[in-house]
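Printed here is coords-v9.pdb (PDB, C-alpha atoms, pLDDT in the B column):
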```pdb
MODEL        1
ATOM      1  CA  MET A  25       0.000   0.000   0.000  1.00 50.00           C
ATOM      2  CA  SER A  26       1.414   3.401  -0.899  1.00 60.00           C
ATOM      3  CA  LEU A  27       1.987   6.073   1.713  1.00 59.00           C
ATOM      4  CA  ARG A  28      -0.638   8.299   0.106  1.00 68.00           C
ATOM      5  CA  ALA A  29      -3.278   5.552   0.229  1.00 57.00           C
ATOM      6  CA  TYR A  30      -2.433   4.929   3.880  1.00 55.00           C
ATOM      7  CA  GLN A  31      -2.733   8.643   4.694  1.00 63.00           C
ATOM      8  CA  GLN A  32      -6.103   8.870   2.953  1.00 63.00           C
ATOM      9  CA  THR A  33      -7.382   5.833   4.849  1.00 60.00           C
ATOM     10  CA  ALA A  34      -6.092   7.204   8.138  1.00 57.00           C
ATOM     11  CA  ALA A  35      -7.704  10.590   7.473  1.00 57.00           C
ATOM     12  CA  ARG A  36     -11.076   8.980   6.798  1.00 69.00           C
ATOM     13  CA  ALA A  37     -10.825   6.967  10.013  1.00 82.00           C
ATOM     14  CA  GLU A  38     -10.050  10.000  12.190  1.00 88.00           C
ATOM     15  CA  THR A  39     -12.686  11.714  14.256  1.00 91.00           C
ATOM     16  CA  PRO A  40     -12.747  15.514  14.049  1.00 89.00           C
ATOM     17  CA  LYS A  41     -11.206  15.662  17.525  1.00 90.00           C
ATOM     18  CA  GLU A  42      -8.390  13.343  16.449  1.00 93.00           C
ATOM     19  CA  ALA A  43      -7.768  15.446  13.352  1.00 93.00           C
ATOM     20  CA  GLU A  44      -7.604  18.590  15.480  1.00 94.00           C
ATOM     21  CA  TYR A  45      -5.177  16.880  17.851  1.00 95.00           C
ATOM     22  CA  ARG A  46      -2.989  15.808  14.922  1.00 95.00           C
ATOM     23  CA  LEU A  47      -2.995  19.332  13.478  1.00 97.00           C
ATOM     24  CA  PHE A  48      -2.114  20.862  16.851  1.00 97.00           C
ATOM     25  CA  GLY A  49       0.689  18.305  17.148  1.00 97.00           C
ATOM     26  CA  GLN A  50       2.129  19.183  13.754  1.00 98.00           C
ATOM     27  CA  VAL A  51       1.936  22.927  14.341  1.00 98.00           C
ATOM     28  CA  THR A  52       3.342  22.643  17.864  1.00 98.00           C
ATOM     29  CA  PHE A  53       6.239  20.518  16.630  1.00 98.00           C
ATOM     30  CA  ALA A  54       6.989  23.192  14.021  1.00 98.00           C
ATOM     31  CA  LEU A  55       6.961  25.836  16.780  1.00 98.00           C
ATOM     32  CA  MET A  56       9.296  23.709  18.895  1.00 98.00           C
ATOM     33  CA  GLU A  57      11.713  23.414  15.993  1.00 97.00           C
ATOM     34  CA  ALA A  58      11.475  27.170  15.393  1.00 97.00           C
ATOM     35  CA  ALA A  59      12.183  27.786  19.081  1.00 97.00           C
ATOM     36  CA  LYS A  60      15.589  26.122  18.613  1.00 96.00           C
ATOM     37  CA  LEU A  61      16.594  28.872  16.179  1.00 95.00           C
ATOM     38  CA  ASP A  62      18.068  32.197  17.168  1.00 92.00           C
ATOM     39  CA  PRO A  63      15.186  34.569  18.027  1.00 88.00           C
ATOM     40  CA  LYS A  64      16.707  37.041  15.569  1.00 88.00           C
ATOM     41  CA  ASP A  65      16.277  34.488  12.761  1.00 92.00           C
ATOM     42  CA  VAL A  66      12.796  35.716  11.911  1.00 90.00           C
ATOM     43  CA  ALA A  67      12.943  34.207   8.429  1.00 92.00           C
ATOM     44  CA  GLY A  68      13.640  30.761   9.886  1.00 92.00           C
ATOM     45  CA  ARG A  69      10.831  31.031  12.443  1.00 96.00           C
ATOM     46  CA  ILE A  70       8.162  32.812  10.421  1.00 96.00           C
ATOM     47  CA  ASP A  71       6.644  29.736   8.722  1.00 96.00           C
ATOM     48  CA  ALA A  72       5.878  28.023  12.028  1.00 97.00           C
ATOM     49  CA  LEU A  73       4.623  31.226  13.629  1.00 98.00           C
ATOM     50  CA  ASP A  74       2.408  32.019  10.656  1.00 97.00           C
ATOM     51  CA  TRP A  75       1.071  28.450  10.489  1.00 98.00           C
ATOM     52  CA  ASN A  76       0.139  28.618  14.170  1.00 98.00           C
ATOM     53  CA  ARG A  77      -1.549  31.995  13.750  1.00 98.00           C
ATOM     54  CA  ARG A  78      -3.496  30.762  10.698  1.00 98.00           C
ATOM     55  CA  MET A  79      -4.616  27.618  12.571  1.00 98.00           C
ATOM     56  CA  TRP A  80      -5.926  29.707  15.453  1.00 98.00           C
ATOM     57  CA  SER A  81      -7.596  32.114  13.052  1.00 98.00           C
ATOM     58  CA  ALA A  82      -9.388  29.207  11.372  1.00 97.00           C
ATOM     59  CA  LEU A  83     -10.538  27.943  14.769  1.00 97.00           C
ATOM     60  CA  ALA A  84     -11.882  31.390  15.647  1.00 98.00           C
ATOM     61  CA  THR A  85     -13.685  31.632  12.319  1.00 97.00           C
ATOM     62  CA  ASP A  86     -15.243  28.210  12.883  1.00 96.00           C
ATOM     63  CA  CYS A  87     -16.272  29.173  16.412  1.00 97.00           C
ATOM     64  CA  SER A  88     -17.946  32.353  15.177  1.00 97.00           C
ATOM     65  CA  SER A  89     -20.295  30.325  13.000  1.00 96.00           C
ATOM     66  CA  PRO A  90     -23.820  29.937  14.389  1.00 93.00           C
ATOM     67  CA  ASP A  91     -23.703  26.327  13.156  1.00 95.00           C
ATOM     68  CA  ASN A  92     -20.839  25.466  15.515  1.00 95.00           C
ATOM     69  CA  ALA A  93     -22.085  22.918  18.065  1.00 94.00           C
ATOM     70  CA  LEU A  94     -19.661  23.827  20.841  1.00 94.00           C
ATOM     71  CA  PRO A  95     -21.105  25.579  23.897  1.00 95.00           C
ATOM     72  CA  ARG A  96     -21.148  29.361  23.577  1.00 96.00           C
ATOM     73  CA  GLU A  97     -18.646  29.838  26.437  1.00 96.00           C
ATOM     74  CA  THR A  98     -16.193  27.392  24.858  1.00 95.00           C
ATOM     75  CA  ARG A  99     -16.462  29.127  21.499  1.00 96.00           C
ATOM     76  CA  ALA A 100     -15.909  32.510  23.143  1.00 97.00           C
ATOM     77  CA  SER A 101     -12.822  31.180  24.932  1.00 96.00           C
ATOM     78  CA  ILE A 102     -11.366  29.818  21.692  1.00 97.00           C
ATOM     79  CA  ILE A 103     -11.984  33.123  19.918  1.00 98.00           C
ATOM     80  CA  SER A 104     -10.342  34.974  22.805  1.00 98.00           C
ATOM     81  CA  LEU A 105      -7.335  32.659  22.691  1.00 97.00           C
ATOM     82  CA  ALA A 106      -7.069  33.127  18.932  1.00 98.00           C
ATOM     83  CA  MET A 107      -6.977  36.888  19.382  1.00 98.00           C
ATOM     84  CA  TRP A 108      -4.266  36.528  22.033  1.00 98.00           C
ATOM     85  CA  VAL A 109      -2.256  34.183  19.785  1.00 98.00           C
ATOM     86  CA  SER A 110      -2.416  36.699  16.950  1.00 98.00           C
ATOM     87  CA  LYS A 111      -1.225  39.599  19.108  1.00 98.00           C
ATOM     88  CA  TYR A 112       1.402  37.539  20.916  1.00 98.00           C
ATOM     89  CA  THR A 113       2.753  36.151  17.646  1.00 97.00           C
ATOM     90  CA  SER A 114       3.395  39.703  16.494  1.00 97.00           C
ATOM     91  CA  LEU A 115       5.411  40.305  19.667  1.00 96.00           C
ATOM     92  CA  VAL A 116       7.437  37.130  19.048  1.00 96.00           C
ATOM     93  CA  ILE A 117       8.129  38.124  15.446  1.00 94.00           C
ATOM     94  CA  ARG A 118       9.338  41.544  16.597  1.00 93.00           C
ATOM     95  CA  GLY A 119      11.601  39.852  19.166  1.00 92.00           C
ATOM     96  CA  GLU A 120       9.688  41.348  22.085  1.00 94.00           C
ATOM     97  CA  ASP A 121       8.573  38.030  23.578  1.00 94.00           C
ATOM     98  CA  ASP A 122       9.335  34.318  23.561  1.00 94.00           C
ATOM     99  CA  ILE A 123       7.822  31.541  21.457  1.00 96.00           C
ATOM    100  CA  GLN A 124       7.451  29.187  24.445  1.00 97.00           C
ATOM    101  CA  ASP A 125       4.084  30.604  25.548  1.00 97.00           C
ATOM    102  CA  LEU A 126       2.608  29.767  22.140  1.00 98.00           C
ATOM    103  CA  ILE A 127       3.910  26.215  22.476  1.00 98.00           C
ATOM    104  CA  GLU A 128       2.448  25.927  25.972  1.00 98.00           C
ATOM    105  CA  ILE A 129      -1.010  27.135  24.898  1.00 97.00           C
ATOM    106  CA  ASN A 130      -1.061  24.549  22.115  1.00 98.00           C
ATOM    107  CA  ARG A 131       0.014  21.802  24.531  1.00 97.00           C
ATOM    108  CA  VAL A 132      -2.764  22.674  26.956  1.00 96.00           C
ATOM    109  CA  VAL A 133      -5.334  22.532  24.161  1.00 96.00           C
ATOM    110  CA  MET A 134      -3.898  19.205  22.991  1.00 96.00           C
ATOM    111  CA  GLN A 135      -4.350  17.804  26.497  1.00 95.00           C
ATOM    112  CA  GLY A 136      -8.020  18.747  26.289  1.00 92.00           C
ATOM    113  CA  LEU A 137      -8.351  16.976  22.945  1.00 88.00           C
ATOM    114  CA  THR A 138      -6.945  13.649  24.150  1.00 87.00           C
ATOM    115  CA  PRO A 139      -9.488  10.836  24.553  1.00 69.00           C
ATOM    116  CA  ASN A 140      -8.584  10.408  28.220  1.00 64.00           C
ATOM    117  CA  ALA A 141      -9.324  14.087  28.926  1.00 50.00           C
ATOM    118  CA  ALA A 142     -13.029  13.568  28.240  1.00 47.00           C
ATOM    119  CA  ARG A 143     -13.172  10.688  30.700  1.00 43.00           C
ATOM    120  CA  ALA A 144     -11.253  12.592  33.382  1.00 47.00           C
ATOM    121  CA  ALA A 145     -13.578  15.610  33.129  1.00 46.00           C
TER     122      ALA A 145
ENDMDL
END
```
Please, can you express the file's structure as structure tokens?
Amino acid sequence: MSLRAYQQTAARAETPKEAEYRLFGQVTFALMEAAKLDPKDVAGRIDALDWNRRMWSALATDCSSPDNALPRETRASIISLAMWVSKYTSLVIRGEDDIQDLIEINRVVMQGLTPNAARAA
């Protein structure tokens, strides 16, 4: 079986929550790799920072839809976090703050997306 066929099968078998977890994992890994670079190497870090900001923007857009099934408070929290991520990312790009807080926010969200988190809550 080719890698592409495997990826397509895996994608079809994922729940939306699993897909979100996978995306957060990929973006967070990219941020972690970018964090290893010199903070002055904006060009080397910009792809990961932009990807993270775009992911959060997409989440906020989805949460602003009246068709979104999440509770209103949860949607509002995600939108608020997305706004913070956007502003904070600008600070990181300008060298005024550190990338680690973005990584930590993503990790916390990933913990909430794990299957065991639903059982623990």
Quiz item: Using all atoms listed in the file, which of the listed residues (A:Ile117, A:Ile129, A:Leu73, A:Ala43) sits closest to Leu105 (chain A)?
Solution: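 Of A:Ile117, A:Ile129, A:Leu73, A:Ala43, the one nearest Leu105 (chain A) is A:Ile129, counting all atoms listed in the file.
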Quiz item: How would you write, as a ChimeraX atom specification, the residues chosen by the PyMOL selection byres ((chain A and resi 52-55) around 7) on this structure?
Solution: /A:48-51,56-59,72-73,127,130
Exercise. Choose the residue, out of A:Pro90, A:Pro40, A:Pro63, A:Pro95, that has the smallest atom-to-atom separation from Gln124 (chain A); count all atoms listed in the file.
Key: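 Closest to Gln124 (chain A) of all the choices is A:Pro63.
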Exercise. Can you work out the spacing between CA of Gln135 (chain A) and CA of Leu61 (chain A) in Å, to one decimal?
Key: 25.8 Å
Practice problem: Rank A:Ala84, A:Ile103, A:Ala93, A:Val66 by their smallest atom-to-atom distance to Leu115 (chain A), using only C-alpha atoms, and report the top residue only. | Solution: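 Distance minimum relative to Leu115 (chain A) lands on A:Val66.
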Quiz item: How many Å lie between CA of Ser110 (chain A) and CA of Arg77 (chain A), rounded to one decimal?
Solution: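 Going from CA of Ser110 (chain A) over to CA of Arg77 (chain A), I get 5.8 Å.
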Practice problem: Report the distance between CA of Leu47 (chain A) and CA of Glu97 (chain A) in Å, rounded to one decimal place. | Solution: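 Separation of CA of Leu47 (chain A) and CA of Glu97 (chain A): 22.9 Å.
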Practice problem: Find, counting all atoms listed in the file, the residue in A:Lys41, A:Arg118, A:Lys111, A:Arg131 that gets nearest to Ser81 (chain A). | Solution: A:Lys111
Quiz item: Looking at A:Tyr45, A:Val116, A:Met134, A:Asp125, which one is nearest to Lys64 (chain A), with distances taken over all atoms listed in the file?
Solution: A:Val116
Self-check item: Residue among A:Cys87, A:Leu94, A:Ile102, A:Val109 lying closest to Asp74 (chain A), counting all atoms listed in the file
Solution: A:Val109
Return the padded bounding box of region 89-102 of chain A as AutoDock Vina command-line options: axis-aligned, built from all atoms listed in the file, 3 Å added on each side, with centre and edge lengths in Å to one decimal.
```
--center_x -17.6 --center_y 27.7 --center_z 19.7 --size_x 18.5 --size_y 15.6 --size_z 19.4
```
Complete region 44-58 of chain A with N, CA and C atoms (output as a PDB file, in the coordinates of the input).
```pdb
ATOM      1  N   GLU A  44      -8.039  17.354  14.827  1.00 94.00           N
ATOM      2  CA  GLU A  44      -7.604  18.590  15.480  1.00 94.00           C
ATOM      3  C   GLU A  44      -6.352  18.333  16.315  1.00 94.00           C
ATOM      4  N   TYR A  45      -6.337  17.230  17.036  1.00 95.00           N
ATOM      5  CA  TYR A  45      -5.177  16.880  17.851  1.00 95.00           C
ATOM      6  C   TYR A  45      -3.938  16.713  16.963  1.00 95.00           C
ATOM      7  N   ARG A  46      -4.107  16.025  15.853  1.00 95.00           N
ATOM      8  CA  ARG A  46      -2.989  15.808  14.922  1.00 95.00           C
ATOM      9  C   ARG A  46      -2.479  17.138  14.378  1.00 95.00           C
ATOM     10  N   LEU A  47      -3.388  18.029  13.983  1.00 97.00           N
ATOM     11  CA  LEU A  47      -2.995  19.332  13.478  1.00 97.00           C
ATOM     12  C   LEU A  47      -2.251  20.128  14.550  1.00 97.00           C
ATOM     13  N   PHE A  48      -2.800  20.161  15.761  1.00 97.00           N
ATOM     14  CA  PHE A  48      -2.114  20.862  16.851  1.00 97.00           C
ATOM     15  C   PHE A  48      -0.722  20.269  17.072  1.00 97.00           C
ATOM     16  N   GLY A  49      -0.610  18.952  16.978  1.00 97.00           N
ATOM     17  CA  GLY A  49       0.689  18.305  17.148  1.00 97.00           C
ATOM     18  C   GLY A  49       1.681  18.733  16.088  1.00 97.00           C
ATOM     19  N   GLN A  50       1.241  18.792  14.856  1.00 98.00           N
ATOM     20  CA  GLN A  50       2.129  19.183  13.754  1.00 98.00           C
ATOM     21  C   GLN A  50       2.567  20.640  13.895  1.00 98.00           C
ATOM     22  N   VAL A  51       1.622  21.505  14.198  1.00 98.00           N
ATOM     23  CA  VAL A  51       1.936  22.927  14.341  1.00 98.00           C
ATOM     24  C   VAL A  51       2.842  23.145  15.554  1.00 98.00           C
ATOM     25  N   THR A  52       2.540  22.475  16.648  1.00 98.00           N
ATOM     26  CA  THR A  52       3.342  22.643  17.864  1.00 98.00           C
ATOM     27  C   THR A  52       4.755  22.130  17.651  1.00 98.00           C
ATOM     28  N   PHE A  53       4.899  21.025  16.943  1.00 98.00           N
ATOM     29  CA  PHE A  53       6.239  20.518  16.630  1.00 98.00           C
ATOM     30  C   PHE A  53       7.011  21.556  15.802  1.00 98.00           C
ATOM     31  N   ALA A  54       6.334  22.161  14.839  1.00 98.00           N
ATOM     32  CA  ALA A  54       6.989  23.192  14.021  1.00 98.00           C
ATOM     33  C   ALA A  54       7.425  24.371  14.894  1.00 98.00           C
ATOM     34  N   LEU A  55       6.584  24.755  15.854  1.00 98.00           N
ATOM     35  CA  LEU A  55       6.961  25.836  16.780  1.00 98.00           C
ATOM     36  C   LEU A  55       8.155  25.435  17.639  1.00 98.00           C
ATOM     37  N   MET A  56       8.188  24.187  18.081  1.00 98.00           N
ATOM     38  CA  MET A  56       9.296  23.709  18.895  1.00 98.00           C
ATOM     39  C   MET A  56      10.603  23.726  18.103  1.00 98.00           C
ATOM     40  N   GLU A  57      10.528  23.360  16.847  1.00 97.00           N
ATOM     41  CA  GLU A  57      11.713  23.414  15.993  1.00 97.00           C
ATOM     42  C   GLU A  57      12.139  24.869  15.772  1.00 97.00           C
ATOM     43  N   ALA A  58      11.171  25.747  15.583  1.00 97.00           N
ATOM     44  CA  ALA A  58      11.475  27.170  15.393  1.00 97.00           C
ATOM     45  C   ALA A  58      12.083  27.774  16.658  1.00 97.00           C
TER      46      ALA A  58
END
```
